[in-house]
$ cat work-v2.txt   # compact mmCIF, C-alpha atoms
# COMPACT_ATOMS: atom_id res chain seq x y z
CA MET H 1 87.48 86.31 105.00
CA MET H 2 87.44 90.11 104.94
CA GLN H 3 86.15 91.53 108.23
CA PHE H 4 86.96 94.03 110.99
CA ARG H 5 90.05 93.24 113.05
CA LEU H 6 91.66 95.28 115.83
CA LEU H 7 95.08 95.61 117.44
CA SER H 8 94.92 97.49 120.73
CA LEU H 9 97.63 98.82 123.04
CA SER H 10 96.20 100.95 125.85
CA HIS H 11 96.83 102.28 129.35
CA GLN H 12 94.50 99.60 130.74
CA ARG H 13 96.94 96.77 130.01
CA THR H 14 100.37 98.36 129.56
CA THR H 15 102.81 100.81 131.14
CA ILE H 16 103.85 104.20 129.75
CA SER H 17 107.19 102.66 128.76
CA ASP H 18 105.43 100.04 126.65
CA ARG H 19 103.09 102.56 125.05
CA GLU H 20 105.76 105.07 124.13
CA ASN H 21 107.66 102.38 122.21
CA PHE H 22 104.74 102.16 119.78
CA ALA H 23 103.47 105.76 119.83
CA LEU H 24 103.27 107.24 116.35
CA THR H 25 103.70 110.78 115.07
CA PRO H 26 101.36 111.82 112.22
CA SER H 27 104.15 111.26 109.68
CA GLU H 28 104.89 107.80 111.11
CA THR H 29 101.18 106.97 111.04
CA GLN H 30 101.07 107.97 107.40
CA THR H 31 104.02 105.69 106.66
CA VAL H 32 102.31 102.71 108.32
CA LEU H 33 99.07 103.42 106.44
CA GLU H 34 100.83 103.62 103.09
CA ARG H 35 102.76 100.39 103.70
CA ALA H 36 99.59 98.64 104.84
CA LYS H 37 97.81 99.87 101.72
CA ALA H 38 100.29 97.88 99.62
CA ASP H 39 99.46 94.66 101.48
CA PRO H 40 96.74 92.67 99.62
CA SER H 41 95.42 91.18 102.86
CA ILE H 42 94.45 94.65 104.17
CA GLN H 43 91.43 96.31 102.58
CA GLU H 44 90.94 99.31 104.91
CA ILE H 45 92.87 100.64 107.90
CA LEU H 46 92.69 103.44 110.47
CA ILE H 47 95.27 104.12 113.20
CA LEU H 48 94.58 106.08 116.39
CA SER H 49 97.76 106.91 118.32
CA THR H 50 97.48 109.11 121.43
CA CYS H 51 99.26 109.51 124.75
CA ASN H 52 97.30 106.58 126.16
CA ARG H 53 96.76 104.20 123.28
CA THR H 54 97.66 102.90 119.85
CA GLU H 55 94.64 101.35 118.15
CA ILE H 56 94.92 99.77 114.70
CA LEU H 57 91.48 99.16 113.21
CA LEU H 58 91.41 97.36 109.90
CA ILE H 59 89.32 95.33 107.52
CA GLY H 60 91.28 92.42 106.19
CA GLU H 61 91.90 88.72 105.83
CA GLU H 62 92.73 86.35 108.67
CA HIS H 63 96.41 87.31 108.90
CA ALA H 64 95.95 91.03 108.17
CA ALA H 65 96.33 92.12 111.79
CA MET H 66 99.67 90.34 112.07
CA GLN H 67 100.82 91.95 108.83
CA ALA H 68 99.91 95.39 110.20
CA LEU H 69 101.73 94.70 113.46
CA GLU H 70 104.83 93.61 111.55
CA ILE H 71 104.77 96.87 109.58
CA LEU H 72 104.50 98.82 112.84
CA CYS H 73 107.34 96.91 114.51
CA LYS H 74 109.68 97.42 111.55
CA LEU H 75 109.03 101.16 111.58
CA LYS H 76 109.46 101.50 115.37
CA ARG H 77 112.27 98.92 115.51
CA GLN H 78 110.48 96.82 118.09
CA ASP H 79 110.53 93.06 118.61
CA LEU H 80 107.53 91.42 116.92
CA HIS H 81 107.25 88.64 119.52
CA GLN H 82 107.16 91.17 122.36
CA ALA H 83 104.60 93.26 120.47
CA ARG H 84 102.33 90.22 120.13
CA GLU H 85 102.41 89.85 123.90
CA LEU H 86 101.57 93.53 124.49
CA PHE H 87 98.88 94.12 121.88
CA LEU H 88 95.35 92.84 122.37
CA PHE H 89 94.03 91.10 119.22
CA MET H 90 90.27 91.32 118.63
CA GLU H 91 88.47 89.52 115.78
CA LYS H 92 84.78 89.45 116.73
CA GLU H 93 83.18 92.33 114.85
CA ASP H 94 80.50 93.14 117.42
CA GLU H 95 83.12 93.29 120.20
CA ILE H 96 85.44 95.45 118.08
CA LEU H 97 82.68 97.92 117.26
CA HIS H 98 81.51 98.03 120.87
CA TYR H 99 85.06 98.87 121.92
CA ILE H 100 85.59 101.54 119.21
CA PHE H 101 82.36 103.32 120.16
CA ARG H 102 83.42 103.28 123.83
CA VAL H 103 86.88 104.61 122.99
CA SER H 104 85.37 107.44 120.93
CA ALA H 105 83.20 108.56 123.85
CA GLY H 106 86.04 108.48 126.36
CA LEU H 107 84.66 105.51 128.29
CA GLU H 108 87.98 103.71 127.86
CA SER H 109 90.15 106.79 128.48
CA GLN H 110 92.51 107.23 131.41
CA ILE H 111 90.52 110.39 132.15
CA LEU H 112 86.89 109.28 131.95
CA GLY H 113 85.01 111.20 129.27
CA ASP H 114 88.20 112.62 127.75
CA ALA H 115 86.85 115.22 125.32
CA GLN H 116 90.07 115.25 123.34
CA ILE H 117 89.75 111.66 122.13
CA ILE H 118 87.04 112.47 119.59
CA SER H 119 89.16 115.19 117.96
CA GLN H 120 92.09 112.76 117.90
CA LEU H 121 89.86 110.17 116.23
CA LYS H 122 88.78 112.75 113.65
CA ALA H 123 92.45 113.50 112.91
CA ALA H 124 93.14 109.76 112.54
CA TYR H 125 90.19 109.44 110.15
CA GLN H 126 91.39 112.42 108.09
CA LEU H 127 94.80 110.78 107.77
CA SER H 128 93.17 107.56 106.55
CA GLN H 129 91.17 109.58 104.05
CA SER H 130 94.25 111.40 102.76
CA THR H 131 96.09 108.10 102.23
CA ALA H 132 93.00 106.45 100.70
CA THR H 133 93.07 103.69 103.34
CA ALA H 134 89.55 104.41 104.61
CA GLY H 135 86.90 102.71 102.50
CA THR H 136 83.16 102.16 102.65
CA PHE H 137 83.12 100.43 106.04
CA ILE H 138 85.39 102.86 107.90
CA HIS H 139 83.65 105.88 106.32
CA ARG H 140 80.27 104.69 107.53
CA LEU H 141 81.61 103.73 110.96
CA MET H 142 83.12 107.17 111.54
CA GLN H 143 79.85 108.84 110.54
CA MET H 144 78.02 106.75 113.16
CA VAL H 145 80.69 107.43 115.80
CA PHE H 146 80.62 111.20 115.28
CA CYS H 147 76.80 111.29 115.35
CA ALA H 148 76.75 109.30 118.60
CA ASN H 149 79.25 111.64 120.26
CA LYS H 150 77.34 114.72 119.17
CA LYS H 151 74.22 113.29 120.79
CA ILE H 152 76.18 112.53 123.99
CA SER H 153 77.37 116.15 124.20
CA GLN H 154 73.87 117.49 123.58
CA GLU H 155 71.85 115.19 125.83
CA THR H 156 74.11 114.28 128.77
CA ALA H 157 76.45 115.98 131.27
CA PHE H 158 79.20 113.50 130.46
CA ARG H 159 81.44 116.16 128.88
CA ASN H 160 81.23 118.53 131.86
CA GLY H 161 84.19 119.14 134.18
CA ILE H 162 87.75 117.95 133.63
CA SER H 163 87.59 116.04 130.40
CA SER H 164 91.04 116.06 128.83
CA ALA H 165 94.70 115.66 129.71
CA SER H 166 95.35 119.30 128.80
CA TYR H 167 92.65 120.54 131.17
CA ALA H 168 93.77 118.17 133.92
CA ALA H 169 97.37 119.38 133.59
CA VAL H 170 96.29 122.98 134.15
CA ASP H 171 94.03 121.97 137.02
CA MET H 172 96.88 120.04 138.63
CA ILE H 173 99.28 123.00 138.88
CA GLU H 174 96.71 125.32 140.48
CA GLU H 175 97.59 124.16 143.97
CA TYR H 176 101.10 125.53 143.49
CA TYR H 177 100.04 129.07 142.59
CA SER H 178 99.91 130.10 146.25
CA MET H 179 103.47 128.83 146.73
CA ILE H 180 104.90 130.76 143.78
CA LYS H 181 104.32 134.50 143.45
CA ASN H 182 103.68 135.50 139.81
CA PRO H 183 104.87 132.17 138.38
CA ARG H 184 106.59 132.14 135.01
CA ILE H 185 104.95 129.47 132.88
CA ALA H 186 106.50 127.75 129.86
CA ILE H 187 104.69 125.51 127.37
CA ILE H 188 106.81 123.15 125.29
CA GLY H 189 105.22 122.15 121.98
CA PHE H 190 102.35 123.94 120.27
CA GLY H 191 100.36 121.24 118.55
CA ASP H 192 96.74 120.52 119.42
CA MET H 193 97.58 119.59 123.02
CA GLY H 194 99.83 122.62 123.59
CA GLN H 195 97.20 125.01 122.23
CA LYS H 196 94.51 123.53 124.47
CA VAL H 197 96.79 123.93 127.50
CA CYS H 198 97.23 127.60 126.59
CA ARG H 199 93.49 128.15 126.24
CA HIS H 200 92.85 126.60 129.66
CA LEU H 201 95.60 128.71 131.25
CA MET H 202 94.29 131.89 129.62
CA SER H 203 90.76 131.14 130.83
CA LYS H 204 92.20 131.17 134.35
CA GLY H 205 93.87 134.54 133.85
CA HIS H 206 97.37 133.44 132.84
CA THR H 207 98.11 135.46 129.71
CA GLU H 208 101.89 135.93 129.90
CA LEU H 209 102.90 132.53 128.59
CA GLU H 210 106.05 131.57 126.71
CA ILE H 211 105.87 128.93 124.01
CA PHE H 212 108.85 126.79 123.03
CA ASN H 213 108.26 125.32 119.59
CA ARG H 214 110.11 124.35 116.40
CA SER H 215 108.57 127.21 114.42
CA ARG H 216 106.63 130.36 115.27
CA GLY H 217 103.89 130.09 112.61
CA ARG H 218 101.33 128.39 114.86
CA VAL H 219 102.04 130.80 117.71
CA ASP H 220 101.49 133.85 115.48
CA HIS H 221 98.29 132.32 114.08
CA PHE H 222 97.02 131.57 117.59
CA ASN H 223 97.76 135.14 118.73
CA ASN H 224 95.95 136.63 115.76
CA LYS H 225 92.95 134.38 116.18
CA ASN H 226 92.63 134.74 119.97
CA ARG H 227 93.98 138.29 120.37
CA SER H 228 96.56 136.90 122.76
CA LYS H 229 100.18 137.83 123.40
CA LEU H 230 101.93 134.50 123.71
CA ARG H 231 105.68 134.83 123.36
CA TYR H 232 107.45 132.50 120.95
CA ARG H 233 110.77 130.91 121.94
CA SER H 234 112.96 128.61 119.85
CA LEU H 235 113.76 125.07 121.00
CA GLU H 236 117.44 125.89 120.60
CA ASN H 237 119.26 125.73 123.96
CA LEU H 238 115.98 124.59 125.53
CA ALA H 239 117.41 123.35 128.82
CA SER H 240 119.23 126.59 129.66
CA SER H 241 116.25 128.67 128.46
CA LEU H 242 113.96 126.90 130.95
CA ALA H 243 116.15 127.75 133.93
CA ASP H 244 114.12 130.82 134.94
CA PHE H 245 110.66 129.27 134.69
CA ASP H 246 108.65 128.07 137.69
CA ILE H 247 106.08 125.91 135.89
CA ILE H 248 106.76 123.88 132.75
CA ILE H 249 104.11 121.94 130.82
CA SER H 250 105.57 119.71 128.12
CA THR H 251 103.29 118.45 125.33
CA PRO H 252 105.20 117.45 122.15
CA THR H 253 105.43 114.03 120.54
CA VAL H 254 109.15 113.25 120.42
CA GLU H 255 111.30 110.16 120.02
CA SER H 256 113.51 110.92 123.04
CA PRO H 257 113.24 113.24 126.09
CA LEU H 258 113.87 116.95 125.59
CA ILE H 259 114.68 117.49 129.27
CA SER H 260 117.15 115.28 131.11
CA ALA H 261 118.08 114.86 134.75
CA ALA H 262 121.45 116.45 133.92
CA ASP H 263 119.60 119.54 132.63
CA SER H 264 117.62 119.89 135.85
CA LEU H 265 120.80 119.77 137.95
CA LEU H 266 122.01 122.94 136.21
CA TRP H 267 118.93 125.01 137.05
CA LYS H 268 119.47 127.49 139.85
CA GLU H 269 115.82 127.94 140.80
CA PRO H 270 115.21 125.87 143.96
CA PHE H 271 111.71 124.78 142.96
CA LYS H 272 109.97 123.86 139.70
CA VAL H 273 106.74 122.09 138.80
CA ILE H 274 106.93 120.09 135.56
CA VAL H 275 103.92 118.39 133.98
CA ASP H 276 104.74 115.97 131.16
CA ILE H 277 101.69 115.02 129.11
CA SER H 278 103.71 113.66 126.19
CA ILE H 279 103.78 110.06 125.01
CA PRO H 280 106.58 109.10 124.54
CA ARG H 281 107.66 111.11 127.58
CA SER H 282 109.51 114.32 126.80
CA VAL H 283 110.95 114.65 130.31
CA GLU H 284 113.22 112.00 131.83
CA THR H 285 111.64 110.39 134.88
CA ALA H 286 114.96 110.82 136.72
CA VAL H 287 114.25 114.58 136.83
CA SER H 288 111.96 113.85 139.78
CA GLN H 289 115.04 112.81 141.77
CA THR H 290 116.57 116.28 141.48
CA PRO H 291 115.98 118.27 144.71
CA GLY H 292 113.20 120.84 144.27
CA MET H 293 111.78 119.26 141.11
CA VAL H 294 108.14 118.13 141.15
CA LEU H 295 107.36 116.01 138.08
CA TYR H 296 103.93 114.75 137.03
CA ASP H 297 103.16 112.42 134.12
CA MET H 298 100.02 110.95 132.56
CA ASP H 299 99.64 108.30 135.26
CA ASP H 300 99.66 111.02 137.94
CA ILE H 301 97.10 113.10 136.05
CA SER H 302 94.60 110.25 136.04
CA LYS H 303 94.76 110.09 139.85
CA VAL H 304 93.88 113.75 140.51
CA THR H 305 90.60 113.75 138.62
CA GLN H 306 88.67 111.42 140.92
CA SER H 307 85.91 113.84 142.00
CA THR H 308 85.04 114.77 138.44
CA MET H 309 85.09 111.11 137.50
CA GLU H 310 82.39 110.38 140.07
CA GLN H 311 80.14 112.99 138.45
CA LYS H 312 80.80 111.56 135.01
CA SER H 313 80.21 108.02 136.23
CA ALA H 314 76.59 108.94 136.94
CA CYS H 315 76.12 109.57 133.20
CA ILE H 316 77.69 106.35 131.95
CA TYR H 317 74.39 104.48 131.56
CA GLN H 318 72.97 107.27 129.36
CA VAL H 319 76.13 107.32 127.27
CA GLU H 320 76.11 103.55 126.80
CA GLU H 321 72.45 103.63 125.71
CA ILE H 322 73.24 106.22 123.02
CA LEU H 323 76.27 104.27 121.81
CA ALA H 324 74.26 101.03 121.68
CA ILE H 325 71.67 102.61 119.36
CA TYR H 326 74.27 103.77 116.85
CA GLN H 327 76.28 100.56 117.13
CA GLN H 328 73.21 98.46 116.36
CA GLU H 329 72.37 100.68 113.39
CA TYR H 330 75.88 100.19 112.06
CA LEU H 331 75.76 96.40 112.56
CA GLN H 332 72.53 96.27 110.56
CA TRP H 333 74.15 98.32 107.81
CA ILE H 334 77.14 95.93 107.76
CA ALA H 335 74.87 92.89 107.43
CA HIS H 336 72.98 94.49 104.55
CA ASN H 337 76.19 95.63 102.85
CA LYS H 338 77.80 92.21 103.16
CA ASN H 339 74.73 90.61 101.59
CA LEU H 340 74.95 93.04 98.69
CA GLY H 341 78.65 92.29 98.37
CA SER H 342 77.98 88.57 98.11
CA VAL H 343 75.27 89.13 95.51
CA ARG H 344 77.58 91.37 93.46
CA LEU H 345 80.31 88.74 93.65
CA LEU H 346 77.91 86.02 92.56
CA LYS H 347 76.63 88.09 89.64
CA LYS H 348 80.17 88.91 88.50
CA ALA H 349 81.14 85.22 88.67
CA LEU H 350 78.07 84.17 86.70
CA GLU H 351 78.74 86.84 84.07
CA GLN H 352 82.26 85.46 83.70
CA ILE H 353 80.91 81.91 83.32
CA LYS H 354 78.48 83.17 80.67
CA THR H 355 81.30 84.82 78.70
CA GLU H 356 83.45 81.68 78.89
CA GLU H 357 80.60 79.41 77.80
CA LEU H 358 79.60 81.61 74.87
CA SER H 359 83.22 81.63 73.77
CA ARG H 360 83.56 77.85 74.18
CA PHE H 361 80.48 77.12 72.07
CA GLY H 362 81.17 79.90 69.62
CA LYS H 363 81.46 77.66 66.56
CA GLU H 364 78.34 75.67 67.39
CA ILE H 365 76.19 78.79 67.64
CA GLU H 366 77.75 80.83 64.84
CA ASN H 367 74.76 80.13 62.62
CA GLN H 368 72.44 81.46 65.30
CA SER H 369 72.24 84.98 66.72
CA SER H 370 74.66 85.22 69.67
CA GLY H 371 72.33 87.80 71.19
CA TYR H 372 69.61 85.17 71.39
CA TYR H 373 71.77 82.94 73.60
CA GLU H 374 72.97 85.87 75.70
CA THR H 375 69.37 86.81 76.44
CA ILE H 376 68.62 83.28 77.61
CA MET H 377 71.71 83.17 79.84
CA ASP H 378 71.06 86.64 81.29
CA SER H 379 67.58 85.50 82.23
CA MET H 380 69.06 82.46 83.99
CA ILE H 381 71.55 84.68 85.88
CA GLN H 382 68.78 87.01 87.07
CA LYS H 383 66.74 84.05 88.35
CA ILE H 384 69.75 82.69 90.26
CA ILE H 385 70.46 86.13 91.75
CA LYS H 386 66.81 86.59 92.74
CA LYS H 387 66.69 83.23 94.51
CA THR H 388 69.98 84.04 96.29
CA VAL H 389 68.69 87.40 97.54
CA ILE H 390 65.44 85.84 98.78
CA SER H 391 67.39 83.12 100.58
CA LEU H 392 69.70 85.67 102.23
CA LYS H 393 66.83 87.83 103.42
CA SER H 394 64.94 84.85 104.80
CA ILE H 395 67.79 83.75 107.09
CA PRO H 396 67.02 85.17 110.57
CA ASN H 397 70.26 84.10 112.23
CA GLU H 398 73.34 86.30 111.75
CA GLN H 399 75.76 83.38 111.99
CA GLU H 400 73.85 81.44 109.32
CA ARG H 401 73.97 84.50 107.05
CA GLU H 402 77.74 84.68 107.62
CA ASN H 403 78.05 81.01 106.64
CA PHE H 404 75.91 81.57 103.53
CA ASN H 405 78.04 84.55 102.46
CA SER H 406 81.20 82.60 103.20
CA VAL H 407 80.12 79.76 100.90
CA ILE H 408 79.50 82.23 98.06
CA HIS H 409 82.92 83.85 98.57
CA GLN H 410 84.75 80.52 98.78
CA THR H 411 82.98 79.18 95.70
CA PHE H 412 83.39 82.13 93.38
CA LEU H 413 86.52 83.98 94.54
$ encode --input "work-v2.txt" --output "C-alpha cells"
Amino acid sequence: MMQFRLLSLSHQRTTISDRENFALTPSETQTVLERAKADPSIQEILILSTCNRTEILLIGEEHAAMQALEILCKLKRQDLHQARELFLFMEKEDEILHYIFRVSAGLESQILGDAQIISQLKAAYQLSQSTATAGTFIHRLMQMVFCANKKISQETAFRNGISSASYAAVDMIEEYYSMIKNPRIAIIGFGDMGQKVCRHLMSKGHTELEIFNRSRGRVDHFNNKNRSKLRYRSLENLASSLADFDIIISTPTVESPLISAADSLLWKEPFKVIVDISIPRSVETAVSQTPGMVLYDMDDISKVTQSTMEQKSACIYQVEEILAIYQQEYLQWIAHNKNLGSVRLLKKALEQIKTEELSRFGKEIENQSSGYYETIMDSMIQKIIKKTVISLKSIPNEQERENFNSVIHQTFL
C-alpha cells in the first residue's frame, strides 16, 4: 500500500564517521532521486542531507524504503546490511510526520533550534521539484512545514541566540581573539554554510577574510551584494597556502579530507585554531595531535551552546503546540485525499468494467441504441460511487477508513 515511509540517519543514534559515509552532495542527491524515480514502488521522494543527518522521506509500497536504501548504498559504495543497522526505519505515518515537523523546526538538531535546517529543507524540496520526485503529498507537506516555521519565528523566541552551526563556529573562536593579535582568518568553501560564516564574522567586525574556493564567482557576487572585500584564493596548494593563517573554518562537502595531519606538521606557526563544520569531515582528526593545533568538529560545537539551549528550551512547548496544529491539519488533508483517491480508483475500475461489458454484449444490443445502455450503466456507477462516499464519510475511526480504502485498492488495482 502506498504511504509515507522514512529512512533516518542522525546524530542522535550515530557517530560522525557513520554519518559521513552516507552524506550526499547536491549532485549525489539528484542521482539518488532520479534512480528512485525509475523504481515503480516509489511514488514520491525527498532527501535531506546535512552535516548531522540524512533523511529519506518517501511515499511508496511496502518495500520502497529498502529499495531507496539500496540505491543509496550502491552510490556511496556502502554495505547494505550495515546500512540497515544504522538507519532507523519508520512506517507509521503520524510518527513520520511528527518527526519531520520536529526536524524542520530544529527540535531534533544537534544545536537546538538550528535556523539553518529550514533553508536546507527548502533546498531539498527544490531538488525534488526539479527532478519531479515531489508529488501532491510532499508538495502539501512542505507548504504546511514552511507555514509552521514562519509562525514559530513570528510568535516565539525560539530562533533567538545561537541557532546554527555557522553561528556557533564563529562564537566558538571568539575566546581565542585575545590570544592572537590581529588574527588572519581563512574560510574554506563558499557554499551556503561558508557564506553564513562570513556574515557572522563580518557582523563582529572581521572584514579582512580570505576565501578558499573552487571558483571565484560566488565570492565576487557576495562582495558586490554586501559591499565587502573578501579576498578569493584558489584551492590549489591549499595546505601550504594555509600556513600563515591563525584561524581556519572549513565548511565544504567533500569526499575526503582537504587537510591532513601531514599538512599540519609542515606549518611553521606554533598555534592554529581550526573549526571543521563539514560532513564528511574536511580536516583529518589526527590534526588535533599536532602540537599547537586546536581542532573542533560538529560534536564539539554542540557542547559549547548550552546556555543558549536553556533559553530555547523554555520555548519548546510553544513550538510543539504550533507544530501540532499544522500536523493535524495535514493529517486531515491526507485522510480526505486518500478517500478521494479510493473513489477515483473505484470509478475508473467501474468505467473499465462498463466498457468491457458493452463490448462483450455488443452483438446482442446492436439492434438497440448503445447510448441507451451506457446511460443505464453510468447511472448504476454513480449510485455505487455515491454509496461508497457516504460510507467513507460515516466511518469515524481512522483505522477502519484505512481498512475500507485498502479493500478498494486490493479489489480494483
$ closest_residue --input "work-v2.txt" --among "H:Leu242, H:Ile111, H:Ile45, H:Leu141" --to "Leu331 in chain H" --atoms "all atoms listed in the file"
H:Leu141
$ closest_residue --input "work-v2.txt" --among "H:Leu24, H:Ile47, H:Asn52, H:Gln110" --to "Met309 in chain H" --atoms "only C-alpha atoms"
H:Gln110
$ atom_distance --input "work-v2.txt" --atom1 "CA of Val319 in chain H" --atom2 "CA of Thr136 in chain H"
26.1 Å
$ residues_around --input "work-v2.txt" --residues "range 223-227 of chain H" --least-positions-apart "4" --cutoff "12 Å" --atoms "only C-alpha atoms" --output "number ranges by chain"
H: 195, 198-199, 202-203, 207-209, 211, 216-219, 231-232
$ write_last_selection --input "work-v2.txt" --atoms "C-alpha atoms" --output "CSV table (one decimal), keeping the file's coordinate frame"
chain,number,residue,atom,x,y,z
H,195,GLN,CA,97.2,125.0,122.2
H,198,CYS,CA,97.2,127.6,126.6
H,199,ARG,CA,93.5,128.2,126.2
H,202,MET,CA,94.3,131.9,129.6
H,203,SER,CA,90.8,131.1,130.8
H,207,THR,CA,98.1,135.5,129.7
H,208,GLU,CA,101.9,135.9,129.9
H,209,LEU,CA,102.9,132.5,128.6
H,211,ILE,CA,105.9,128.9,124.0
H,216,ARG,CA,106.6,130.4,115.3
H,217,GLY,CA,103.9,130.1,112.6
H,218,ARG,CA,101.3,128.4,114.9
H,219,VAL,CA,102.0,130.8,117.7
H,231,ARG,CA,105.7,134.8,123.4
H,232,TYR,CA,107.4,132.5,121.0
$ atom_distance --input "work-v2.txt" --atom1 "CA of Ala23 in chain H" --atom2 "CA of Phe212 in chain H"
21.9 Å
$ closest_residue --input "work-v2.txt" --among "H:Glu356, H:Ser288, H:Glu310, H:Ser240" --to "Ala261 in chain H" --atoms "all atoms listed in the file"
H:Ser288
$ decode --input "work-v2.txt" --residues "range 270-285 of chain H" --atoms "C-alpha atoms" --output "mmCIF file, in the first residue's frame"
data_model
loop_
_atom_site.group_PDB
_atom_site.id
_atom_site.type_symbol
_atom_site.label_atom_id
_atom_site.label_comp_id
_atom_site.auth_asym_id
_atom_site.auth_seq_id
_atom_site.Cartn_x
_atom_site.Cartn_y
_atom_site.Cartn_z
ATOM 1 C CA PRO H 270 53.121 27.490 16.559
ATOM 2 C CA PHE H 271 49.382 27.861 17.126
ATOM 3 C CA LYS H 272 46.254 27.495 14.980
ATOM 4 C CA VAL H 273 42.551 27.138 15.700
ATOM 5 C CA ILE H 274 40.683 25.001 13.156
ATOM 6 C CA VAL H 275 36.905 24.580 13.157
ATOM 7 C CA ASP H 276 35.601 21.836 10.876
ATOM 8 C CA ILE H 277 31.849 22.068 10.293
ATOM 9 C CA SER H 278 31.880 19.782 7.260
ATOM 10 C CA ILE H 279 30.211 16.391 6.993
ATOM 11 C CA PRO H 280 32.036 14.337 5.814
ATOM 12 C CA ARG H 281 34.897 15.946 7.732
ATOM 13 C CA SER H 282 37.249 18.048 5.635
ATOM 14 C CA VAL H 283 40.029 18.018 8.248
ATOM 15 C CA GLU H 284 41.650 14.796 9.451
ATOM 16 C CA THR H 285 41.007 14.208 13.149
#
